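Structure file final-v1.pdb (PDB, C-alpha atoms) follows.
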```pdb
ATOM      1  CA  MET Q   1     -83.197  44.846  -5.753
ATOM      2  CA  ALA Q   2     -86.792  44.079  -4.836
ATOM      3  CA  SER Q   3     -87.433  41.858  -1.828
ATOM      4  CA  GLY Q   4     -86.833  38.162  -2.239
ATOM      5  CA  ILE Q   5     -83.942  35.973  -3.278
ATOM      6  CA  VAL Q   6     -82.526  34.411  -6.412
ATOM      7  CA  ILE Q   7     -81.601  30.729  -6.234
ATOM      8  CA  ALA Q   8     -78.358  29.799  -8.022
ATOM      9  CA  ALA Q   9     -78.115  26.116  -8.894
ATOM     10  CA  THR Q  10     -74.521  24.906  -9.098
ATOM     11  CA  GLY Q  11     -72.654  21.639  -9.280
ATOM     12  CA  LEU Q  12     -69.549  22.737  -7.400
ATOM     13  CA  GLN Q  13     -69.010  24.312  -4.022
ATOM     14  CA  SER Q  14     -66.585  26.792  -5.613
ATOM     15  CA  GLU Q  15     -69.318  27.943  -8.028
ATOM     16  CA  ALA Q  16     -71.727  28.387  -5.126
ATOM     17  CA  ARG Q  17     -69.264  30.566  -3.237
ATOM     18  CA  ILE Q  18     -68.973  32.881  -6.237
ATOM     19  CA  ALA Q  19     -72.749  33.065  -6.728
ATOM     20  CA  GLU Q  20     -73.375  33.959  -3.094
ATOM     21  CA  ARG Q  21     -71.015  36.928  -3.312
ATOM     22  CA  SER Q  22     -73.911  38.652  -5.093
ATOM     23  CA  GLN Q  23     -76.443  40.272  -2.782
ATOM     24  CA  GLY Q  24     -79.776  38.472  -2.622
ATOM     25  CA  VAL Q  25     -78.463  35.162  -3.986
ATOM     26  CA  LYS Q  26     -78.690  31.787  -2.259
ATOM     27  CA  ALA Q  27     -76.829  28.872  -3.854
ATOM     28  CA  VAL Q  28     -77.713  25.178  -3.826
ATOM     29  CA  ILE Q  29     -75.112  22.570  -4.779
ATOM     30  CA  GLY Q  30     -76.122  19.445  -6.664
ATOM     31  CA  GLY Q  31     -72.735  17.770  -6.853
ATOM     32  CA  GLY Q  32     -73.718  16.156 -10.145
ATOM     33  CA  ARG Q  33     -76.649  14.274  -8.589
ATOM     34  CA  ASP Q  34     -80.081  14.939 -10.111
ATOM     35  CA  GLN Q  35     -82.143  13.837  -7.115
ATOM     36  CA  ARG Q  36     -80.019  15.830  -4.678
ATOM     37  CA  LEU Q  37     -80.320  19.026  -6.696
ATOM     38  CA  MET Q  38     -84.057  18.637  -7.248
ATOM     39  CA  ALA Q  39     -84.603  18.078  -3.522
ATOM     40  CA  LEU Q  40     -82.528  21.134  -2.626
ATOM     41  CA  LEU Q  41     -84.334  23.303  -5.172
ATOM     42  CA  GLN Q  42     -87.721  22.176  -3.900
ATOM     43  CA  GLN Q  43     -86.689  22.878  -0.297
ATOM     44  CA  SER Q  44     -85.635  26.383  -1.348
ATOM     45  CA  MET Q  45     -88.969  27.291  -2.912
ATOM     46  CA  SER Q  46     -90.865  29.982  -1.031
ATOM     47  CA  ASP Q  47     -92.892  33.099  -1.656
ATOM     48  CA  GLY Q  48     -89.669  35.077  -1.503
ATOM     49  CA  VAL Q  49     -87.965  33.372  -4.464
ATOM     50  CA  ARG Q  50     -87.832  35.685  -7.474
ATOM     51  CA  GLY Q  51     -86.077  33.382  -9.916
ATOM     52  CA  ILE Q  52     -83.601  30.549 -10.437
ATOM     53  CA  ILE Q  53     -80.345  30.676 -12.365
ATOM     54  CA  SER Q  54     -78.192  27.789 -13.551
ATOM     55  CA  PHE Q  55     -74.735  29.129 -12.707
ATOM     56  CA  GLY Q  56     -71.315  27.597 -13.209
ATOM     57  CA  ILE Q  57     -68.870  26.043 -15.629
ATOM     58  CA  ALA Q  58     -69.793  23.739 -18.496
ATOM     59  CA  GLY Q  59     -68.440  21.489 -21.203
ATOM     60  CA  GLY Q  60     -68.150  22.996 -24.653
ATOM     61  CA  LEU Q  61     -70.118  21.464 -27.522
ATOM     62  CA  ARG Q  62     -69.845  24.061 -30.273
ATOM     63  CA  PRO Q  63     -66.408  23.931 -31.913
ATOM     64  CA  GLY Q  64     -64.262  26.996 -31.345
ATOM     65  CA  LEU Q  65     -65.497  28.014 -27.905
ATOM     66  CA  LYS Q  66     -62.410  28.422 -25.728
ATOM     67  CA  PRO Q  67     -62.096  27.922 -21.970
ATOM     68  CA  GLY Q  68     -63.429  31.021 -20.231
ATOM     69  CA  THR Q  69     -66.082  31.750 -22.882
ATOM     70  CA  VAL Q  70     -69.329  32.900 -21.269
ATOM     71  CA  VAL Q  71     -72.522  31.345 -22.634
ATOM     72  CA  VAL Q  72     -75.966  32.771 -21.901
ATOM     73  CA  GLY Q  73     -78.568  30.101 -22.579
ATOM     74  CA  THR Q  74     -81.322  30.909 -25.079
ATOM     75  CA  SER Q  75     -82.974  27.523 -24.533
ATOM     76  CA  VAL Q  76     -82.393  24.374 -22.512
ATOM     77  CA  ILE Q  77     -82.529  21.061 -24.313
ATOM     78  CA  HIS Q  78     -82.856  17.760 -22.481
ATOM     79  CA  GLY Q  79     -82.407  14.212 -23.727
ATOM     80  CA  SER Q  80     -86.068  13.545 -22.957
ATOM     81  CA  GLY Q  81     -86.870  15.699 -25.976
ATOM     82  CA  ARG Q  82     -88.259  18.603 -23.981
ATOM     83  CA  THR Q  83     -87.035  22.146 -24.615
ATOM     84  CA  TYR Q  84     -87.392  24.986 -22.116
ATOM     85  CA  GLN Q  85     -87.230  28.742 -22.738
ATOM     86  CA  PRO Q  86     -85.409  30.949 -20.195
ATOM     87  CA  ASP Q  87     -86.833  34.328 -19.226
ATOM     88  CA  ALA Q  88     -86.101  36.650 -22.154
ATOM     89  CA  LEU Q  89     -85.611  39.846 -20.128
ATOM     90  CA  TRP Q  90     -83.258  38.242 -17.634
ATOM     91  CA  SER Q  91     -81.280  36.544 -20.429
ATOM     92  CA  ASP Q  92     -80.973  39.847 -22.319
ATOM     93  CA  ARG Q  93     -79.642  41.544 -19.192
ATOM     94  CA  LEU Q  94     -77.013  38.844 -18.764
ATOM     95  CA  PHE Q  95     -75.902  39.099 -22.371
ATOM     96  CA  GLU Q  96     -75.732  42.889 -22.342
ATOM     97  CA  ALA Q  97     -73.789  43.010 -19.065
ATOM     98  CA  LEU Q  98     -71.136  40.456 -20.022
ATOM     99  CA  PRO Q  99     -68.656  41.553 -22.713
ATOM    100  CA  ASN Q 100     -67.890  38.979 -25.427
ATOM    101  CA  ALA Q 101     -70.540  36.576 -24.155
ATOM    102  CA  GLU Q 102     -72.050  34.050 -26.551
ATOM    103  CA  SER Q 103     -75.750  33.202 -26.545
ATOM    104  CA  GLY Q 104     -77.165  29.893 -27.666
ATOM    105  CA  PRO Q 105     -78.867  26.651 -26.633
ATOM    106  CA  VAL Q 106     -77.559  24.684 -23.648
ATOM    107  CA  ALA Q 107     -77.950  20.927 -23.225
ATOM    108  CA  GLY Q 108     -78.827  19.480 -19.838
ATOM    109  CA  SER Q 109     -77.459  16.039 -19.001
ATOM    110  CA  SER Q 110     -77.687  13.690 -16.025
ATOM    111  CA  THR Q 111     -74.118  12.523 -16.669
ATOM    112  CA  ILE Q 112     -70.852  14.230 -17.548
ATOM    113  CA  ILE Q 113     -70.319  14.285 -21.304
ATOM    114  CA  ALA Q 114     -66.688  13.228 -21.404
ATOM    115  CA  ASP Q 115     -66.221  11.795 -24.892
ATOM    116  CA  ARG Q 116     -65.334  14.046 -27.848
ATOM    117  CA  ASP Q 117     -67.456  12.016 -30.254
ATOM    118  CA  GLU Q 118     -70.467  12.264 -27.948
ATOM    119  CA  LYS Q 119     -69.982  16.021 -27.711
ATOM    120  CA  ARG Q 120     -69.929  16.291 -31.479
ATOM    121  CA  ALA Q 121     -73.039  14.118 -31.842
ATOM    122  CA  ILE Q 122     -75.009  16.237 -29.361
ATOM    123  CA  TYR Q 123     -73.927  19.437 -31.072
ATOM    124  CA  LEU Q 124     -74.908  18.172 -34.530
ATOM    125  CA  ALA Q 125     -78.271  16.930 -33.256
ATOM    126  CA  SER Q 126     -79.213  19.950 -31.132
ATOM    127  CA  GLY Q 127     -76.960  22.900 -31.945
ATOM    128  CA  ALA Q 128     -76.257  23.293 -28.221
ATOM    129  CA  PHE Q 129     -73.239  25.454 -27.406
ATOM    130  CA  ALA Q 130     -72.533  23.853 -24.021
ATOM    131  CA  ALA Q 131     -73.643  21.085 -21.690
ATOM    132  CA  ASP Q 132     -74.012  20.934 -17.921
ATOM    133  CA  MET Q 133     -75.755  18.865 -15.257
ATOM    134  CA  GLU Q 134     -77.985  21.494 -13.676
ATOM    135  CA  SER Q 135     -79.743  23.562 -16.350
ATOM    136  CA  HIS Q 136     -82.440  21.025 -17.253
ATOM    137  CA  LEU Q 137     -83.403  20.636 -13.590
ATOM    138  CA  VAL Q 138     -83.489  24.397 -13.071
ATOM    139  CA  ALA Q 139     -85.670  24.751 -16.157
ATOM    140  CA  GLN Q 140     -88.056  22.017 -15.023
ATOM    141  CA  ILE Q 141     -88.617  23.218 -11.475
ATOM    142  CA  ALA Q 142     -88.813  26.888 -12.492
ATOM    143  CA  THR Q 143     -91.380  26.096 -15.168
ATOM    144  CA  ASP Q 144     -93.410  23.936 -12.784
ATOM    145  CA  SER Q 145     -93.279  26.696 -10.150
ATOM    146  CA  GLY Q 146     -94.088  29.555 -12.505
ATOM    147  CA  LEU Q 147     -90.768  31.288 -11.836
ATOM    148  CA  PRO Q 148     -88.393  32.963 -14.301
ATOM    149  CA  PHE Q 149     -85.087  31.219 -14.881
ATOM    150  CA  ALA Q 150     -81.842  31.935 -16.659
ATOM    151  CA  VAL Q 151     -78.706  30.036 -17.654
ATOM    152  CA  LEU Q 152     -75.185  31.420 -17.263
ATOM    153  CA  ARG Q 153     -72.371  29.012 -17.992
ATOM    154  CA  VAL Q 154     -68.650  29.350 -18.701
ATOM    155  CA  ILE Q 155     -66.790  26.885 -20.917
ATOM    156  CA  ALA Q 156     -64.165  24.762 -19.163
ATOM    157  CA  ASP Q 157     -63.388  21.750 -21.385
ATOM    158  CA  THR Q 158     -63.743  22.475 -25.101
ATOM    159  CA  ALA Q 159     -65.649  20.528 -27.734
ATOM    160  CA  SER Q 160     -62.428  18.910 -28.940
ATOM    161  CA  GLN Q 161     -61.282  17.962 -25.449
ATOM    162  CA  GLY Q 162     -62.256  14.690 -23.823
ATOM    163  CA  LEU Q 163     -62.248  14.115 -20.088
ATOM    164  CA  PRO Q 164     -60.185  11.335 -18.478
ATOM    165  CA  PRO Q 165     -61.783   9.025 -15.890
ATOM    166  CA  ALA Q 166     -60.071  10.825 -12.995
ATOM    167  CA  ALA Q 167     -61.867  14.052 -13.939
ATOM    168  CA  VAL Q 168     -65.222  12.354 -14.443
ATOM    169  CA  ASN Q 169     -65.112  10.712 -11.017
ATOM    170  CA  GLY Q 170     -63.536  13.631  -9.181
ATOM    171  CA  LEU Q 171     -66.567  15.116  -7.400
ATOM    172  CA  ASN Q 172     -68.210  14.467  -4.043
ATOM    173  CA  PRO Q 173     -72.008  14.833  -3.609
ATOM    174  CA  ASP Q 174     -71.510  18.123  -1.729
ATOM    175  CA  GLY Q 175     -69.660  19.637  -4.679
ATOM    176  CA  THR Q 176     -66.165  19.388  -3.199
ATOM    177  CA  PRO Q 177     -63.285  17.671  -5.053
ATOM    178  CA  ASN Q 178     -62.986  13.945  -4.462
ATOM    179  CA  ILE Q 179     -59.213  13.982  -4.034
ATOM    180  CA  SER Q 180     -58.949  10.344  -2.989
ATOM    181  CA  GLY Q 181     -60.992   9.271  -6.012
ATOM    182  CA  VAL Q 182     -58.768  11.247  -8.361
ATOM    183  CA  LEU Q 183     -55.591   9.829  -6.824
ATOM    184  CA  LYS Q 184     -56.961   6.294  -6.996
ATOM    185  CA  SER Q 185     -57.809   6.741 -10.674
ATOM    186  CA  LEU Q 186     -54.379   8.226 -11.410
ATOM    187  CA  SER Q 187     -52.692   5.349  -9.588
ATOM    188  CA  ALA Q 188     -54.545   2.853 -11.770
ATOM    189  CA  GLN Q 189     -53.929   4.853 -14.964
ATOM    190  CA  PRO Q 190     -50.955   7.245 -14.604
ATOM    191  CA  SER Q 191     -51.146   8.304 -18.263
ATOM    192  CA  GLN Q 192     -54.088  10.561 -17.321
ATOM    193  CA  LEU Q 193     -51.807  12.969 -15.473
ATOM    194  CA  TRP Q 194     -51.125  15.392 -18.324
ATOM    195  CA  GLU Q 195     -54.786  15.515 -19.291
ATOM    196  CA  ILE Q 196     -55.696  16.259 -15.672
ATOM    197  CA  ILE Q 197     -53.158  19.095 -15.595
ATOM    198  CA  ARG Q 198     -54.600  20.544 -18.804
ATOM    199  CA  ILE Q 199     -58.177  20.249 -17.527
ATOM    200  CA  ALA Q 200     -57.167  21.930 -14.264
ATOM    201  CA  GLY Q 201     -55.734  24.888 -16.169
ATOM    202  CA  ALA Q 202     -58.864  25.247 -18.302
ATOM    203  CA  THR Q 203     -61.066  25.030 -15.210
ATOM    204  CA  ARG Q 204     -59.105  27.796 -13.503
ATOM    205  CA  ARG Q 205     -59.666  30.061 -16.526
ATOM    206  CA  ALA Q 206     -63.367  29.235 -16.483
ATOM    207  CA  MET Q 207     -63.687  29.976 -12.767
ATOM    208  CA  LYS Q 208     -61.915  33.317 -13.160
ATOM    209  CA  ALA Q 209     -64.386  34.230 -15.900
ATOM    210  CA  LEU Q 210     -67.285  33.131 -13.694
ATOM    211  CA  PHE Q 211     -66.031  35.401 -10.928
ATOM    212  CA  ARG Q 212     -65.933  38.331 -13.372
ATOM    213  CA  CYS Q 213     -69.549  37.577 -14.271
ATOM    214  CA  HIS Q 214     -70.645  37.917 -10.656
ATOM    215  CA  ARG Q 215     -68.869  41.269 -10.372
ATOM    216  CA  LEU Q 216     -70.427  42.629 -13.560
ATOM    217  CA  LEU Q 217     -73.963  41.433 -12.812
ATOM    218  CA  GLY Q 218     -74.232  42.712  -9.248
ATOM    219  CA  PRO Q 219     -77.177  41.978  -6.908
ATOM    220  CA  GLY Q 220     -79.431  39.114  -7.880
ATOM    221  CA  LEU Q 221     -77.129  38.076 -10.743
ATOM    222  CA  GLY Q 222     -79.085  40.251 -13.157
ATOM    223  CA  CYS Q 223     -82.516  39.380 -11.826
ATOM    224  CA  ALA Q 224     -83.082  42.752 -10.098
ATOM    225  CA  ASP Q 225     -86.599  44.177 -10.431
ATOM    226  CA  LEU Q 226     -87.949  41.360 -12.557
ATOM    227  CA  GLY Q 227     -91.645  40.699 -12.259
TER     228      GLY Q 227
END
```

Once more with this new file: its structure as structure tokens, please.
Amino acid sequence: MASGIVIAATGLQSEARIAERSQGVKAVIGGGRDQRLMALLQQSMSDGVRGIISFGIAGGLRPGLKPGTVVVGTSVIHGSGRTYQPDALWSDRLFEALPNAESGPVAGSSTIIADRDEKRAIYLASGAFAADMESHLVAQIATDSGLPFAVLRVIADTASQGLPPAAVNGLNPDGTPNISGVLKSLSAQPSQLWEIIRIAGATRRAMKALFRCHRLLGPGLGCADLG
């Protein structure tokens, strides 16, 4: 890989650990907070940055995408109405290196899309395959900085699967699980337990697939020799 680093923008600490297993990759963790992630991305900008990748798990929007399905973003759509185009060469390398990957639009959101009906509405309006909380910020700062960017996401919760409150509120700003918040939510609404167990299983499958992606892509998460 040429000199310089690739920045991987993640929401979870576990995603960041996987990303940084690849040589030449530095991860920043947004923890689902727009301002935090933007500040961390801006602090990471330097002459040595070769590109930025949105890397992690995502919610499914297109019906039929199962947990563990890899999605390479062909565009990033934001609620503001703006659409961003990832670097074509980098995106092609991701798609070619990852067996059975899907490629399609990804929606960026400042909040977790937990409701099945909302997922369906976004899919019908935009055609987005998946939604996450980092891709729109990656696209914005990369575009403003004149850097290539890419989107690699793995489906955790499917389009037909809603998220209970305990899952929505289960994340600390540093990307670690908010165990006390989850337990408090479960105590107030015990009926969430089986949904939480199902979501946990789907998330484990997604994280295993994300780990396979890192192994297949190698140094720079596919960004080697760009430029």

- For the file shown, report as an MDAnalysis selection string the outcome of the PyMOL selection byres ((chain Q and resi 159) around 10) at residue level. chainID Q and resid 59:66 114:120 123 129:130 155:158 160:162

Item to complete: Give as a PyMOL selection string the residues that the PyMOL selection byres ((chain Q and resi 183) around 12) matches when applied to the coordinates above.
Response: chain Q and resi 165-167+169-170+177-182+184-190+192-193+196

To test your reading of the syntax: which residues would the PyMOL selection byres ((chain Q and resi 105) around 10) return for the file shown? Reply as a PDB file with C-alpha atoms, keeping the file's coordinate frame.
```pdb
ATOM      1  CA  VAL Q  71     -72.522  31.345 -22.634  1.00  0.00           C
ATOM      2  CA  VAL Q  72     -75.966  32.771 -21.901  1.00  0.00           C
ATOM      3  CA  GLY Q  73     -78.568  30.101 -22.579  1.00  0.00           C
ATOM      4  CA  THR Q  74     -81.322  30.909 -25.079  1.00  0.00           C
ATOM      5  CA  SER Q  75     -82.974  27.523 -24.533  1.00  0.00           C
ATOM      6  CA  VAL Q  76     -82.393  24.374 -22.512  1.00  0.00           C
ATOM      7  CA  ILE Q  77     -82.529  21.061 -24.313  1.00  0.00           C
ATOM      8  CA  THR Q  83     -87.035  22.146 -24.615  1.00  0.00           C
ATOM      9  CA  TYR Q  84     -87.392  24.986 -22.116  1.00  0.00           C
ATOM     10  CA  GLN Q  85     -87.230  28.742 -22.738  1.00  0.00           C
ATOM     11  CA  SER Q 103     -75.750  33.202 -26.545  1.00  0.00           C
ATOM     12  CA  GLY Q 104     -77.165  29.893 -27.666  1.00  0.00           C
ATOM     13  CA  VAL Q 106     -77.559  24.684 -23.648  1.00  0.00           C
ATOM     14  CA  ALA Q 107     -77.950  20.927 -23.225  1.00  0.00           C
ATOM     15  CA  GLY Q 108     -78.827  19.480 -19.838  1.00  0.00           C
ATOM     16  CA  TYR Q 123     -73.927  19.437 -31.072  1.00  0.00           C
ATOM     17  CA  SER Q 126     -79.213  19.950 -31.132  1.00  0.00           C
ATOM     18  CA  GLY Q 127     -76.960  22.900 -31.945  1.00  0.00           C
ATOM     19  CA  ALA Q 128     -76.257  23.293 -28.221  1.00  0.00           C
ATOM     20  CA  PHE Q 129     -73.239  25.454 -27.406  1.00  0.00           C
ATOM     21  CA  ALA Q 130     -72.533  23.853 -24.021  1.00  0.00           C
ATOM     22  CA  ALA Q 131     -73.643  21.085 -21.690  1.00  0.00           C
ATOM     23  CA  VAL Q 151     -78.706  30.036 -17.654  1.00  0.00           C
TER      24      VAL Q 151
END
```

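If only C-alpha atoms are the atoms counted, then among Q:Gln13, Q:Ser91, Q:Thr203, Q:Thr143 the closest residue to Q:Gly31 is Q:Gln13.
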
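Around Q:Ala142, within 7 Å and counting only C-alpha atoms, the residues found are Ile52, Pro148 and Phe149 of chain Q, once anything fewer than 6 positions away on its own chain is removed.
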
* Asked: Which residues come within 10 Å of Q:Met207, counting all atoms listed in the file, excluding same-chain residues fewer than 5 positions away, as an MDAnalysis selection string?
  -> chainID Q and resid 14:15 18 56:57 67:68 154:156 202 212:213

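Shortest atom-to-atom contact with Q:Val168 among Q:Asp47, Q:Asp92, Q:Glu195, Q:Asp144: Q:Glu195, counting only C-alpha atoms.
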
From the list Q:Ser110, Q:Ile197, Q:Thr176, Q:Ala139, the nearest residue to Q:Gln35 using all atoms listed in the file is Q:Ser110

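Taking all atoms listed in the file into account, Q:Asp87 lies nearest to Q:Ile53 out of the set Q:Glu20, Q:Gly218, Q:Ile53, Q:Arg205.
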
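Counting from atom CA of Q:Gly175, the distance to atom CA of Q:Ser22 is 19.5 Å.
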
Select all residues near (-76.8, 24.8, -13.4) (cut-off 6 Å, inclusive, file coordinates), counting all atoms listed in the file, and output them as a ChimeraX atom specification. /Q:9-10,54-55,134-135

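Nearest residue to Q:Asn100, choosing from Q:Thr69, Q:Ser191, Q:Asn172, Q:Gln43 and counting all atoms listed in the file: Q:Thr69.
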
Can you report as AutoDock Vina command-line options the centre and edge lengths in Å, to one decimal, of an axis-aligned box around the listed atoms of stretch 145-158 of chain Q padded with 3 Å on each side?
```
--center_x -78.7 --center_y 27.4 --center_z -17.6 --size_x 36.7 --size_y 17.2 --size_z 21.0
```

Counting only C-alpha atoms, closest pick from Q:Gln23, Q:Val70, Q:Ser145, Q:Val6 relative to Q:Ala97 is Q:Val70

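Going from atom CA of Q:Val28 over to atom CA of Q:Leu221, you cover 14.6 Å.
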
Correct to one decimal, the distance atom CA of Q:Gly79-atom CA of Q:Ile141 is 16.4 Å

- Query: Near Q:Arg21, within 10 Å and counting only C-alpha atoms, which residues show up once chain neighbours fewer than 2 positions away are dropped, as a VMD selection string?
  - Reply: chain Q and resid 16 to 19 23 to 27 211 214 to 215 218 to 221

Reconstruct N, CA and C atoms of stretch 148-167 of chain Q from the incomplete input and present them as a PDB file, keeping the file's coordinate frame.
```pdb
ATOM      1  N   PRO Q 148     -89.344  32.734 -13.215  1.00  0.00           N
ATOM      2  CA  PRO Q 148     -88.393  32.963 -14.301  1.00  0.00           C
ATOM      3  C   PRO Q 148     -87.088  32.232 -14.011  1.00  0.00           C
ATOM      4  N   PHE Q 149     -86.401  31.817 -15.072  1.00  0.00           N
ATOM      5  CA  PHE Q 149     -85.087  31.219 -14.881  1.00  0.00           C
ATOM      6  C   PHE Q 149     -84.150  31.699 -15.977  1.00  0.00           C
ATOM      7  N   ALA Q 150     -82.871  31.554 -15.703  1.00  0.00           N
ATOM      8  CA  ALA Q 150     -81.842  31.935 -16.659  1.00  0.00           C
ATOM      9  C   ALA Q 150     -80.695  30.937 -16.569  1.00  0.00           C
ATOM     10  N   VAL Q 151     -79.854  30.942 -17.599  1.00  0.00           N
ATOM     11  CA  VAL Q 151     -78.706  30.036 -17.654  1.00  0.00           C
ATOM     12  C   VAL Q 151     -77.454  30.842 -17.948  1.00  0.00           C
ATOM     13  N   LEU Q 152     -76.472  30.769 -17.065  1.00  0.00           N
ATOM     14  CA  LEU Q 152     -75.185  31.420 -17.263  1.00  0.00           C
ATOM     15  C   LEU Q 152     -74.093  30.384 -17.014  1.00  0.00           C
ATOM     16  N   ARG Q 153     -73.392  30.045 -18.080  1.00  0.00           N
ATOM     17  CA  ARG Q 153     -72.371  29.012 -17.992  1.00  0.00           C
ATOM     18  C   ARG Q 153     -71.080  29.485 -18.655  1.00  0.00           C
ATOM     19  N   VAL Q 154     -69.957  29.002 -18.152  1.00  0.00           N
ATOM     20  CA  VAL Q 154     -68.650  29.350 -18.701  1.00  0.00           C
ATOM     21  C   VAL Q 154     -67.949  28.067 -19.135  1.00  0.00           C
ATOM     22  N   ILE Q 155     -67.424  28.073 -20.363  1.00  0.00           N
ATOM     23  CA  ILE Q 155     -66.790  26.885 -20.917  1.00  0.00           C
ATOM     24  C   ILE Q 155     -65.524  26.549 -20.149  1.00  0.00           C
ATOM     25  N   ALA Q 156     -65.399  25.279 -19.753  1.00  0.00           N
ATOM     26  CA  ALA Q 156     -64.165  24.762 -19.163  1.00  0.00           C
ATOM     27  C   ALA Q 156     -63.490  23.858 -20.205  1.00  0.00           C
ATOM     28  N   ASP Q 157     -63.943  22.632 -20.354  1.00  0.00           N
ATOM     29  CA  ASP Q 157     -63.388  21.750 -21.385  1.00  0.00           C
ATOM     30  C   ASP Q 157     -64.042  22.050 -22.728  1.00  0.00           C
ATOM     31  N   THR Q 158     -63.253  22.103 -23.777  1.00  0.00           N
ATOM     32  CA  THR Q 158     -63.743  22.475 -25.101  1.00  0.00           C
ATOM     33  C   THR Q 158     -64.385  21.285 -25.811  1.00  0.00           C
ATOM     34  N   ALA Q 159     -64.988  21.577 -26.953  1.00  0.00           N
ATOM     35  CA  ALA Q 159     -65.649  20.528 -27.734  1.00  0.00           C
ATOM     36  C   ALA Q 159     -64.671  19.466 -28.205  1.00  0.00           C
ATOM     37  N   SER Q 160     -63.428  19.847 -28.433  1.00  0.00           N
ATOM     38  CA  SER Q 160     -62.428  18.910 -28.940  1.00  0.00           C
ATOM     39  C   SER Q 160     -61.663  18.202 -27.833  1.00  0.00           C
ATOM     40  N   GLN Q 161     -62.020  18.490 -26.595  1.00  0.00           N
ATOM     41  CA  GLN Q 161     -61.282  17.962 -25.449  1.00  0.00           C
ATOM     42  C   GLN Q 161     -62.113  16.931 -24.703  1.00  0.00           C
ATOM     43  N   GLY Q 162     -61.601  15.707 -24.620  1.00  0.00           N
ATOM     44  CA  GLY Q 162     -62.256  14.690 -23.823  1.00  0.00           C
ATOM     45  C   GLY Q 162     -61.816  14.776 -22.372  1.00  0.00           C
ATOM     46  N   LEU Q 163     -62.568  14.116 -21.513  1.00  0.00           N
ATOM     47  CA  LEU Q 163     -62.248  14.115 -20.088  1.00  0.00           C
ATOM     48  C   LEU Q 163     -61.786  12.724 -19.654  1.00  0.00           C
ATOM     49  N   PRO Q 164     -60.653  12.639 -18.970  1.00  0.00           N
ATOM     50  CA  PRO Q 164     -60.185  11.335 -18.478  1.00  0.00           C
ATOM     51  C   PRO Q 164     -61.021  10.865 -17.299  1.00  0.00           C
ATOM     52  N   PRO Q 165     -60.975   9.563 -16.993  1.00  0.00           N
ATOM     53  CA  PRO Q 165     -61.783   9.025 -15.890  1.00  0.00           C
ATOM     54  C   PRO Q 165     -61.554   9.739 -14.562  1.00  0.00           C
ATOM     55  N   ALA Q 166     -60.342  10.156 -14.271  1.00  0.00           N
ATOM     56  CA  ALA Q 166     -60.071  10.825 -12.995  1.00  0.00           C
ATOM     57  C   ALA Q 166     -60.857  12.113 -12.859  1.00  0.00           C
ATOM     58  N   ALA Q 167     -61.087  12.814 -13.977  1.00  0.00           N
ATOM     59  CA  ALA Q 167     -61.867  14.052 -13.939  1.00  0.00           C
ATOM     60  C   ALA Q 167     -63.356  13.753 -13.813  1.00  0.00           C
TER      61      ALA Q 167
END
```
